[in-house]
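A.B. asks: You'll find run_8.pdb just under this line, and it carries PDB, C-alpha atoms, pLDDT in the B column.
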ATOM      1  CA  MET A   1     -11.136 -10.634  -0.160  1.00 47.00           C
ATOM      2  CA  GLN A   2      -9.540  -9.622   3.097  1.00 45.00           C
ATOM      3  CA  MET A   3     -10.009  -6.176   4.576  1.00 43.00           C
ATOM      4  CA  ASN A   4      -7.453  -5.544   7.306  1.00 42.00           C
ATOM      5  CA  MET A   5      -7.947  -2.494   9.487  1.00 35.00           C
ATOM      6  CA  SER A   6      -5.446  -0.705  11.677  1.00 36.00           C
ATOM      7  CA  GLU A   7      -6.756   0.364  15.079  1.00 35.00           C
ATOM      8  CA  ARG A   8     -10.407   0.952  14.139  1.00 33.00           C
ATOM      9  CA  ALA A   9     -12.692  -1.396  12.249  1.00 31.00           C
ATOM     10  CA  THR A  10     -14.182   0.751   9.508  1.00 36.00           C
ATOM     11  CA  ASP A  11     -15.322  -1.037   6.368  1.00 40.00           C
ATOM     12  CA  ILE A  12     -13.228   0.282   3.510  1.00 41.00           C
ATOM     13  CA  MET A  13     -15.891  -0.873   1.082  1.00 42.00           C
ATOM     14  CA  GLU A  14     -18.250   1.684   2.603  1.00 41.00           C
ATOM     15  CA  THR A  15     -15.583   4.375   2.575  1.00 44.00           C
ATOM     16  CA  GLY A  16     -15.048   3.784  -1.122  1.00 45.00           C
ATOM     17  CA  ASP A  17     -18.757   4.448  -1.708  1.00 47.00           C
ATOM     18  CA  MET A  18     -18.932   7.867  -0.035  1.00 50.00           C
ATOM     19  CA  CYS A  19     -20.880  10.636  -1.716  1.00 50.00           C
ATOM     20  CA  SER A  20     -19.378  13.825  -3.114  1.00 50.00           C
ATOM     21  CA  HIS A  21     -19.823  15.480   0.279  1.00 47.00           C
ATOM     22  CA  LYS A  22     -17.430  12.946   1.856  1.00 46.00           C
ATOM     23  CA  ASN A  23     -20.252  11.375   3.847  1.00 47.00           C
ATOM     24  CA  PHE A  24     -21.857   7.984   3.771  1.00 42.00           C
ATOM     25  CA  PRO A  25     -24.826   8.378   1.365  1.00 43.00           C
ATOM     26  CA  SER A  26     -27.285   6.812   3.828  1.00 41.00           C
ATOM     27  CA  THR A  27     -26.579   9.442   6.486  1.00 43.00           C
ATOM     28  CA  CYS A  28     -25.586  12.454   4.406  1.00 44.00           C
ATOM     29  CA  LEU A  29     -27.532  15.555   5.393  1.00 46.00           C
ATOM     30  CA  HIS A  30     -26.576  17.328   2.167  1.00 47.00           C
ATOM     31  CA  CYS A  31     -28.145  14.827  -0.142  1.00 44.00           C
ATOM     32  CA  LYS A  32     -30.701  12.076   0.196  1.00 36.00           C
ATOM     33  CA  LYS A  33     -28.921   9.709  -2.078  1.00 33.00           C
ATOM     34  CA  GLU A  34     -29.427   6.113  -1.029  1.00 34.00           C
ATOM     35  CA  GLN A  35     -26.285   4.292   0.002  1.00 33.00           C
ATOM     36  CA  THR A  36     -24.881   2.269  -2.837  1.00 34.00           C
ATOM     37  CA  LYS A  37     -24.535  -1.410  -2.018  1.00 38.00           C
ATOM     38  CA  LEU A  38     -21.882  -3.598  -3.560  1.00 42.00           C
ATOM     39  CA  GLU A  39     -23.300  -6.438  -5.605  1.00 49.00           C
ATOM     40  CA  PRO A  40     -22.379  -9.903  -4.368  1.00 47.00           C
ATOM     41  CA  THR A  41     -18.964 -10.711  -5.744  1.00 65.00           C
ATOM     42  CA  GLU A  42     -18.409 -13.354  -8.347  1.00 88.00           C
ATOM     43  CA  THR A  43     -15.817 -15.918  -7.345  1.00 91.00           C
ATOM     44  CA  ARG A  44     -13.208 -17.909  -9.190  1.00 92.00           C
ATOM     45  CA  ASP A  45     -11.303 -20.739  -7.509  1.00 91.00           C
ATOM     46  CA  GLY A  46     -12.769 -19.557  -4.223  1.00 91.00           C
ATOM     47  CA  LEU A  47     -11.405 -16.009  -4.648  1.00 94.00           C
ATOM     48  CA  PRO A  48     -13.374 -12.823  -5.388  1.00 94.00           C
ATOM     49  CA  VAL A  49     -13.723 -11.300  -8.841  1.00 95.00           C
ATOM     50  CA  ILE A  50     -14.293  -7.527  -8.884  1.00 94.00           C
ATOM     51  CA  LYS A  51     -14.411  -4.873 -11.591  1.00 94.00           C
ATOM     52  CA  ALA A  52     -11.222  -2.943 -12.311  1.00 94.00           C
ATOM     53  CA  VAL A  53     -12.826   0.413 -11.526  1.00 93.00           C
ATOM     54  CA  LEU A  54     -13.804  -0.824  -8.053  1.00 91.00           C
ATOM     55  CA  TYR A  55     -10.362  -2.334  -7.483  1.00 93.00           C
ATOM     56  CA  GLU A  56      -8.626   0.944  -8.303  1.00 92.00           C
ATOM     57  CA  ARG A  57     -11.025   2.917  -6.132  1.00 90.00           C
ATOM     58  CA  LEU A  58     -10.421   0.651  -3.135  1.00 89.00           C
ATOM     59  CA  TYR A  59      -6.674   0.525  -3.777  1.00 92.00           C
ATOM     60  CA  ASN A  60      -6.495   4.327  -3.693  1.00 90.00           C
ATOM     61  CA  THR A  61      -9.008   4.984  -0.885  1.00 83.00           C
ATOM     62  CA  ASP A  62      -7.836   7.143   2.012  1.00 82.00           C
ATOM     63  CA  ILE A  63      -9.809   6.062   5.087  1.00 60.00           C
ATOM     64  CA  ARG A  64      -9.254   9.482   6.679  1.00 57.00           C
ATOM     65  CA  ALA A  65     -11.736  10.938   4.216  1.00 57.00           C
ATOM     66  CA  ALA A  66     -14.378   9.284   6.396  1.00 50.00           C
ATOM     67  CA  GLY A  67     -13.060  10.980   9.519  1.00 50.00           C
ATOM     68  CA  GLU A  68     -10.928   8.139  10.824  1.00 52.00           C
ATOM     69  CA  ASP A  69      -7.772   8.935  12.774  1.00 53.00           C
ATOM     70  CA  SER A  70      -5.854   5.814  11.827  1.00 54.00           C
ATOM     71  CA  SER A  71      -5.013   4.275   8.489  1.00 58.00           C
ATOM     72  CA  SER A  72      -6.652   1.319   6.808  1.00 80.00           C
ATOM     73  CA  THR A  73      -5.004  -1.202   4.556  1.00 89.00           C
ATOM     74  CA  PHE A  74      -6.754  -2.577   1.496  1.00 91.00           C
ATOM     75  CA  ASN A  75      -5.687  -6.234   1.424  1.00 93.00           C
ATOM     76  CA  PHE A  76      -6.689  -8.053  -1.755  1.00 95.00           C
ATOM     77  CA  GLN A  77      -6.099 -11.496  -3.192  1.00 96.00           C
ATOM     78  CA  GLY A  78      -8.388 -12.243  -6.102  1.00 96.00           C
ATOM     79  CA  PHE A  79      -9.273 -11.474  -9.697  1.00 96.00           C
ATOM     80  CA  VAL A  80      -9.856  -8.136 -11.412  1.00 96.00           C
ATOM     81  CA  ASP A  81     -12.160  -7.921 -14.405  1.00 95.00           C
ATOM     82  CA  GLU A  82     -11.062  -5.196 -16.811  1.00 92.00           C
ATOM     83  CA  ASP A  83     -13.925  -4.063 -19.049  1.00 89.00           C
ATOM     84  CA  ARG A  84     -13.138  -0.366 -19.502  1.00 85.00           C
ATOM     85  CA  GLU A  85     -12.501   1.169 -22.894  1.00 82.00           C
ATOM     86  CA  ASP A  86      -8.862   1.757 -23.864  1.00 84.00           C
ATOM     87  CA  TYR A  87      -7.687  -0.961 -21.446  1.00 84.00           C
ATOM     88  CA  HIS A  88      -6.620  -4.521 -22.172  1.00 84.00           C
ATOM     89  CA  PRO A  89      -9.813  -6.533 -21.532  1.00 88.00           C
ATOM     90  CA  GLY A  90     -10.018  -9.721 -19.499  1.00 93.00           C
ATOM     91  CA  VAL A  91      -9.708 -11.118 -16.001  1.00 95.00           C
ATOM     92  CA  ALA A  92      -6.336 -11.213 -14.265  1.00 96.00           C
ATOM     93  CA  TYR A  93      -5.159 -12.240 -10.812  1.00 97.00           C
ATOM     94  CA  ARG A  94      -4.023  -9.502  -8.414  1.00 96.00           C
ATOM     95  CA  ASP A  95      -2.308  -9.693  -5.036  1.00 97.00           C
ATOM     96  CA  SER A  96      -1.862  -6.350  -3.307  1.00 96.00           C
ATOM     97  CA  LEU A  97      -1.906  -4.295  -0.147  1.00 96.00           C
ATOM     98  CA  ALA A  98      -2.346  -0.523  -0.125  1.00 96.00           C
ATOM     99  CA  THR A  99      -2.367   2.066   2.655  1.00 95.00           C
ATOM    100  CA  ASN A 100      -3.059   5.692   1.756  1.00 94.00           C
ATOM    101  CA  GLY A 101      -3.045   9.112   3.355  1.00 92.00           C
ATOM    102  CA  ILE A 102      -0.426   8.466   6.040  1.00 93.00           C
ATOM    103  CA  LEU A 103       0.582  11.814   7.622  1.00 93.00           C
ATOM    104  CA  LYS A 104      -1.806  13.566   5.252  1.00 91.00           C
ATOM    105  CA  GLU A 105      -2.320  17.320   5.707  1.00 89.00           C
ATOM    106  CA  ALA A 106      -5.531  18.645   4.180  1.00 84.00           C
ATOM    107  CA  GLY A 107      -4.841  21.358   1.632  1.00 87.00           C
ATOM    108  CA  GLN A 108      -1.109  20.645   1.685  1.00 91.00           C
ATOM    109  CA  HIS A 109      -0.539  17.100   0.430  1.00 92.00           C
ATOM    110  CA  ASP A 110      -2.233  13.686   0.197  1.00 91.00           C
ATOM    111  CA  GLY A 111       0.164  11.920   2.540  1.00 93.00           C
ATOM    112  CA  ILE A 112       2.257   8.820   2.067  1.00 96.00           C
ATOM    113  CA  HIS A 113       1.125   5.793   0.070  1.00 96.00           C
ATOM    114  CA  VAL A 114       2.510   2.356   0.918  1.00 97.00           C
ATOM    115  CA  GLY A 115       1.717  -0.285  -1.689  1.00 97.00           C
ATOM    116  CA  THR A 116       2.868  -3.899  -1.858  1.00 98.00           C
ATOM    117  CA  ASP A 117       2.263  -5.978  -4.971  1.00 97.00           C
ATOM    118  CA  GLY A 118       2.811  -9.592  -5.855  1.00 97.00           C
ATOM    119  CA  ILE A 119       4.093  -9.820  -9.427  1.00 96.00           C
ATOM    120  CA  ILE A 120       5.522 -12.326 -11.869  1.00 96.00           C
ATOM    121  CA  GLY A 121       8.897 -10.599 -11.864  1.00 92.00           C
ATOM    122  CA  TYR A 122      10.316  -7.090 -11.834  1.00 85.00           C
ATOM    123  CA  SER A 123      11.510  -7.330 -15.437  1.00 82.00           C
ATOM    124  CA  ALA A 124       8.848  -9.684 -16.777  1.00 77.00           C
ATOM    125  CA  ASP A 125       7.485  -8.830 -20.224  1.00 74.00           C
ATOM    126  CA  ASN A 126       4.079 -10.306 -19.438  1.00 73.00           C
ATOM    127  CA  THR A 127       2.657  -8.817 -16.233  1.00 82.00           C
ATOM    128  CA  ARG A 128      -0.817 -10.391 -16.319  1.00 90.00           C
ATOM    129  CA  MET A 129      -1.213 -13.230 -13.822  1.00 96.00           C
ATOM    130  CA  GLN A 130      -3.718 -16.067 -14.066  1.00 95.00           C
ATOM    131  CA  SER A 131      -3.435 -17.487 -10.538  1.00 95.00           C
ATOM    132  CA  PRO A 132      -1.500 -17.164  -7.242  1.00 96.00           C
ATOM    133  CA  ALA A 133       1.020 -19.629  -8.646  1.00 96.00           C
ATOM    134  CA  ASP A 134       2.225 -16.937 -11.075  1.00 96.00           C
ATOM    135  CA  ILE A 135       3.621 -14.696  -8.324  1.00 97.00           C
ATOM    136  CA  GLY A 136       7.395 -14.726  -8.356  1.00 96.00           C
ATOM    137  CA  GLU A 137       8.161 -11.856  -5.966  1.00 97.00           C
ATOM    138  CA  TYR A 138       6.717  -9.052  -3.875  1.00 97.00           C
ATOM    139  CA  ASN A 139       7.644  -5.402  -4.362  1.00 97.00           C
ATOM    140  CA  ILE A 140       6.974  -2.445  -2.089  1.00 98.00           C
ATOM    141  CA  TYR A 141       6.294   1.008  -3.531  1.00 97.00           C
ATOM    142  CA  ILE A 142       6.168   4.032  -1.220  1.00 98.00           C
ATOM    143  CA  THR A 143       5.375   7.542  -2.477  1.00 97.00           C
ATOM    144  CA  ILE A 144       6.154  10.616  -0.386  1.00 98.00           C
ATOM    145  CA  PRO A 145       4.918  14.113  -1.356  1.00 97.00           C
ATOM    146  CA  GLY A 146       7.630  16.728  -1.879  1.00 97.00           C
ATOM    147  CA  LYS A 147       6.141  19.007   0.792  1.00 97.00           C
ATOM    148  CA  LEU A 148       6.252  16.198   3.314  1.00 97.00           C
ATOM    149  CA  GLN A 149       9.838  15.374   2.363  1.00 98.00           C
ATOM    150  CA  LYS A 150      10.791  18.961   3.157  1.00 97.00           C
ATOM    151  CA  GLU A 151       8.846  18.916   6.434  1.00 96.00           C
ATOM    152  CA  LYS A 152      10.587  15.700   7.511  1.00 97.00           C
ATOM    153  CA  GLY A 153      14.050  16.832   6.459  1.00 98.00           C
ATOM    154  CA  VAL A 154      14.569  14.245   3.726  1.00 98.00           C
ATOM    155  CA  PHE A 155      14.778  14.071  -0.050  1.00 98.00           C
ATOM    156  CA  CYS A 156      13.768  11.131  -2.216  1.00 97.00           C
ATOM    157  CA  ARG A 157      15.591  10.062  -5.359  1.00 95.00           C
ATOM    158  CA  TYR A 158      16.992   6.899  -6.911  1.00 93.00           C
ATOM    159  CA  ASP A 159      14.131   4.913  -5.331  1.00 95.00           C
ATOM    160  CA  SER A 160      15.140   5.823  -1.791  1.00 96.00           C
ATOM    161  CA  CYS A 161      15.095   8.667   0.759  1.00 97.00           C
ATOM    162  CA  PHE A 162      18.055  10.420   2.393  1.00 98.00           C
ATOM    163  CA  ARG A 163      18.574  13.025   5.093  1.00 98.00           C
ATOM    164  CA  VAL A 164      18.790  16.602   3.794  1.00 98.00           C
ATOM    165  CA  GLU A 165      22.156  17.030   5.538  1.00 97.00           C
ATOM    166  CA  THR A 166      23.689  14.611   3.026  1.00 97.00           C
ATOM    167  CA  PHE A 167      22.616  16.637  -0.016  1.00 97.00           C
ATOM    168  CA  ASP A 168      25.794  18.090  -1.554  1.00 95.00           C
ATOM    169  CA  GLU A 169      24.516  19.576  -4.816  1.00 95.00           C
ATOM    170  CA  ASP A 170      23.141  22.946  -5.871  1.00 96.00           C
ATOM    171  CA  PRO A 171      20.448  23.950  -3.322  1.00 95.00           C
ATOM    172  CA  GLU A 172      18.115  24.679  -6.233  1.00 96.00           C
ATOM    173  CA  ASN A 173      18.139  20.968  -7.067  1.00 96.00           C
ATOM    174  CA  LEU A 174      16.905  20.205  -3.561  1.00 97.00           C
ATOM    175  CA  GLU A 175      14.173  22.807  -3.957  1.00 97.00           C
ATOM    176  CA  ASP A 176      13.090  21.120  -7.181  1.00 97.00           C
ATOM    177  CA  ILE A 177      12.795  17.800  -5.361  1.00 97.00           C
ATOM    178  CA  HIS A 178      10.747  19.354  -2.570  1.00 98.00           C
ATOM    179  CA  ASP A 179       8.535  21.118  -5.109  1.00 97.00           C
ATOM    180  CA  SER A 180       7.787  17.839  -6.873  1.00 95.00           C
ATOM    181  CA  LYS A 181       4.490  16.036  -6.459  1.00 95.00           C
ATOM    182  CA  LYS A 182       6.100  12.939  -4.950  1.00 96.00           C
ATOM    183  CA  GLY A 183       9.245  10.892  -4.534  1.00 97.00           C
ATOM    184  CA  TRP A 184       9.624   7.118  -4.477  1.00 97.00           C
ATOM    185  CA  ILE A 185      11.039   4.378  -2.297  1.00 98.00           C
ATOM    186  CA  VAL A 186      11.054   1.060  -4.168  1.00 97.00           C
ATOM    187  CA  MET A 187      12.060  -2.275  -2.652  1.00 97.00           C
ATOM    188  CA  ARG A 188      12.093  -5.740  -4.204  1.00 97.00           C
ATOM    189  CA  LEU A 189      11.675  -8.229  -1.387  1.00 97.00           C
ATOM    190  CA  GLY A 190      13.776 -11.370  -1.381  1.00 96.00           C
ATOM    191  CA  LEU A 191      10.949 -13.564  -0.071  1.00 97.00           C
ATOM    192  CA  ASP A 192      10.224 -16.385  -2.502  1.00 95.00           C
ATOM    193  CA  PRO A 193       6.481 -17.162  -2.668  1.00 96.00           C
ATOM    194  CA  LYS A 194       7.138 -20.252  -4.761  1.00 95.00           C
ATOM    195  CA  GLU A 195       9.298 -21.803  -2.047  1.00 96.00           C
ATOM    196  CA  ASP A 196       8.033 -20.180   1.154  1.00 97.00           C
ATOM    197  CA  LEU A 197       4.375 -20.897   1.964  1.00 95.00           C
ATOM    198  CA  LEU A 198       4.497 -18.163   4.618  1.00 97.00           C
ATOM    199  CA  ALA A 199       5.752 -15.480   2.223  1.00 97.00           C
ATOM    200  CA  ARG A 200       2.380 -13.697   1.981  1.00 97.00           C
ATOM    201  CA  ARG A 201       1.997 -13.500   5.778  1.00 97.00           C
ATOM    202  CA  LYS A 202       5.542 -12.158   6.095  1.00 97.00           C
ATOM    203  CA  VAL A 203       4.803  -9.566   3.413  1.00 97.00           C
ATOM    204  CA  GLU A 204       1.648  -8.448   5.257  1.00 97.00           C
ATOM    205  CA  PHE A 205       3.637  -8.027   8.457  1.00 97.00           C
ATOM    206  CA  ILE A 206       6.427  -6.069   6.758  1.00 98.00           C
ATOM    207  CA  HIS A 207       3.851  -3.777   5.135  1.00 97.00           C
ATOM    208  CA  ALA A 208       2.120  -3.182   8.478  1.00 95.00           C
ATOM    209  CA  GLN A 209       5.424  -2.443  10.207  1.00 96.00           C
ATOM    210  CA  ILE A 210       6.312   0.188   7.591  1.00 97.00           C
ATOM    211  CA  VAL A 211       2.929   1.864   8.093  1.00 95.00           C
ATOM    212  CA  ARG A 212       3.325   1.764  11.869  1.00 94.00           C
ATOM    213  CA  PHE A 213       6.860   3.207  11.699  1.00 96.00           C
ATOM    214  CA  VAL A 214       5.760   6.110   9.512  1.00 96.00           C
ATOM    215  CA  GLU A 215       2.634   6.832  11.549  1.00 93.00           C
ATOM    216  CA  GLU A 216       4.689   6.960  14.727  1.00 94.00           C
ATOM    217  CA  GLY A 217       7.006   9.604  13.270  1.00 94.00           C
ATOM    218  CA  GLY A 218       9.909   7.413  12.218  1.00 97.00           C
ATOM    219  CA  ASP A 219      12.773   8.835  10.151  1.00 97.00           C
ATOM    220  CA  LEU A 220      11.755   8.303   6.519  1.00 98.00           C
ATOM    221  CA  SER A 221      15.385   7.896   5.491  1.00 98.00           C
ATOM    222  CA  GLU A 222      15.523   4.722   7.620  1.00 98.00           C
ATOM    223  CA  ILE A 223      12.614   2.927   5.942  1.00 98.00           C
ATOM    224  CA  LYS A 224      14.706   0.987   3.478  1.00 97.00           C
ATOM    225  CA  VAL A 225      17.368  -0.246   5.888  1.00 97.00           C
ATOM    226  CA  ARG A 226      14.781  -1.117   8.553  1.00 97.00           C
ATOM    227  CA  THR A 227      12.691  -3.041   6.028  1.00 98.00           C
ATOM    228  CA  ARG A 228      15.712  -5.000   4.842  1.00 97.00           C
ATOM    229  CA  ALA A 229      16.640  -5.837   8.428  1.00 97.00           C
ATOM    230  CA  LEU A 230      13.094  -7.034   9.174  1.00 97.00           C
ATOM    231  CA  GLU A 231      13.008  -9.084   5.989  1.00 97.00           C
ATOM    232  CA  ASN A 232      16.264 -10.795   6.971  1.00 97.00           C
ATOM    233  CA  VAL A 233      14.806 -11.640  10.378  1.00 96.00           C
ATOM    234  CA  LEU A 234      11.636 -13.178   8.904  1.00 97.00           C
ATOM    235  CA  ILE A 235      12.892 -14.810   5.743  1.00 96.00           C
ATOM    236  CA  ASP A 236      13.833 -18.244   7.150  1.00 95.00           C
ATOM    237  CA  LEU A 237      11.287 -18.495   9.973  1.00 96.00           C
ATOM    238  CA  ASP A 238       8.805 -21.377  10.114  1.00 95.00           C
ATOM    239  CA  GLU A 239       5.219 -21.177  11.393  1.00 93.00           C
ATOM    240  CA  THR A 240       5.991 -21.350  15.115  1.00 93.00           C
ATOM    241  CA  ASP A 241       8.987 -19.035  15.056  1.00 96.00           C
ATOM    242  CA  LEU A 242       7.202 -16.566  12.784  1.00 95.00           C
ATOM    243  CA  GLN A 243       4.245 -16.266  15.149  1.00 93.00           C
ATOM    244  CA  ALA A 244       6.535 -15.686  18.118  1.00 93.00           C
ATOM    245  CA  LYS A 245       8.667 -13.128  16.300  1.00 93.00           C
ATOM    246  CA  MET A 246       5.681 -11.163  14.993  1.00 93.00           C
ATOM    247  CA  LYS A 247       4.160 -11.067  18.473  1.00 91.00           C
ATOM    248  CA  SER A 248       7.393  -9.823  20.050  1.00 91.00           C
ATOM    249  CA  LEU A 249       7.742  -7.094  17.429  1.00 89.00           C
ATOM    250  CA  GLU A 250       4.087  -6.058  17.795  1.00 85.00           C
ATOM    251  CA  ASP A 251       4.514  -5.798  21.564  1.00 83.00           C
ATOM    252  CA  LYS A 252       7.399  -3.349  21.204  1.00 76.00           C
ATOM    253  CA  LYS A 253       6.462   0.300  21.656  1.00 59.00           C
TER     254      LYS A 253
END
Using the file provided, produce a representation of the structure as structure tokens.
C.D. replies:
Amino acid sequence: MQMNMSERATDIMETGDMCSHKNFPSTCLHCKKEQTKLEPTETRDGLPVIKAVLYERLYNTDIRAAGEDSSSTFNFQGFVDEDREDYHPGVAYRDSLATNGILKEAGQHDGIHVGTDGIIGYSADNTRMQSPADIGEYNIYITIPGKLQKEKGVFCRYDSCFRVETFDEDPENLEDIHDSKKGWIVMRLGLDPKEDLLARRKVEFIHAQIVRFVEEGGDLSEIKVRTRALENVLIDLDETDLQAKMKSLEDKK
């Protein structure tokens, strides 16, 4: 299981185990609860196996709850064991990245979530995967709180975001959008993991570039077109060219 951090190296596993006071249990002055340690992970085919409840907690963790200034990305390739009541039991393969709390404002909204998932297919009837070989595509899901949409001068609908100036309907409809809990940007990437052995690395880079763009105050209405442009740049690159291109893009400020 990979844990990639942006800027500062805080262990997201520890963040996920914070006490109710939003402190690490071992150092919390409000309670003397001992810090919970994760049990050694089971493995399957060399990949970690974790419980579904832990997976969901890590997937939805906002590193800023621990006082960090920068975001952290939960980067997981492994198996999830579902043993909760009212859920389909069994072990299934999961491939995902998740960054939470981007541009979060305490008491106002929870910030932007950027999630990238490897799946069998967007319209597949069976969504449970047994191994990495089952992944047919990668999809990116971005959620943006209504309050943040209003603050940034955009509105999200039809799986994308647009500048407020382009809204040509009843103003009350725009207010409804901005009063909503969140809006979505959804993108199906054209990278083919069955043909391109570098697809996962390209996906990681695209995800990181979206997070960086948003954190640096980029126009949210440009996310989709910028992502498509980056995907087109990376899609046919081999190992050497990919490394060079990623370095040149990382060096840009």
A.B. asks: For Ala92 (chain A), which residue among A:Asn126, A:Thr116, A:Ser131, A:Ser72 is the nearest when counting all atoms listed in the file?
C.D. replies: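 Result for the nearest residue to Ala92 (chain A): A:Ser131.
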A.B. asks: Find the spatial neighbours of Leu230 (chain A), counting only C-alpha atoms, within a cut-off of 10 Å - ignore same-chain residues fewer than 6 positions away - and output them as a list in words.
C.D. replies: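 These residues fall inside the cut-off: Lys202, Phe205, Ile206, Gln209, Lys224 and Leu249 of chain A.
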A.B. asks: Near Cys161 (chain A), within 8 Å and counting only C-alpha atoms, which residues show up once chain neighbours fewer than 4 positions away are dropped, as JSON, numbers by chain?
C.D. replies: {"A": [154, 155, 156, 157, 184, 185, 220, 221, 222]}
A.B. asks: Ile120 (chain A): which residues within 9 Å, counting only C-alpha atoms, same-chain residues fewer than 5 positions away excluded, as a list of chain:residue names?
C.D. replies: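 The neighbour list is A:Asn126, A:Thr127, A:Arg128, A:Met129, A:Asp134, A:Ile135, A:Gly136, A:Glu137, A:Tyr138.
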A.B. asks: What does the structure give for the distance between CA of Ile177 (chain A) and CA of Glu105 (chain A), in Å to one decimal?
C.D. replies: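 Separation of CA of Ile177 (chain A) and CA of Glu105 (chain A): 18.7 Å.
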A.B. asks: Env of Pro132 (chain A): 9 Å cut, atoms = only C-alpha atoms, seq-sep filter 2 positions within chain, self excluded. Answer as a list in words.
C.D. replies: Gln77, Gly78, Tyr93, Arg94, Asp95, Gly118, Met129, Gln130, Asp134 and Ile135 of chain A
A.B. asks: I'd like the interatomic distance between CA of Gly217 (chain A) and CA of Gln108 (chain A), to a tenth of an Å.
C.D. replies: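 Distance between the two atoms: 17.9 Å.
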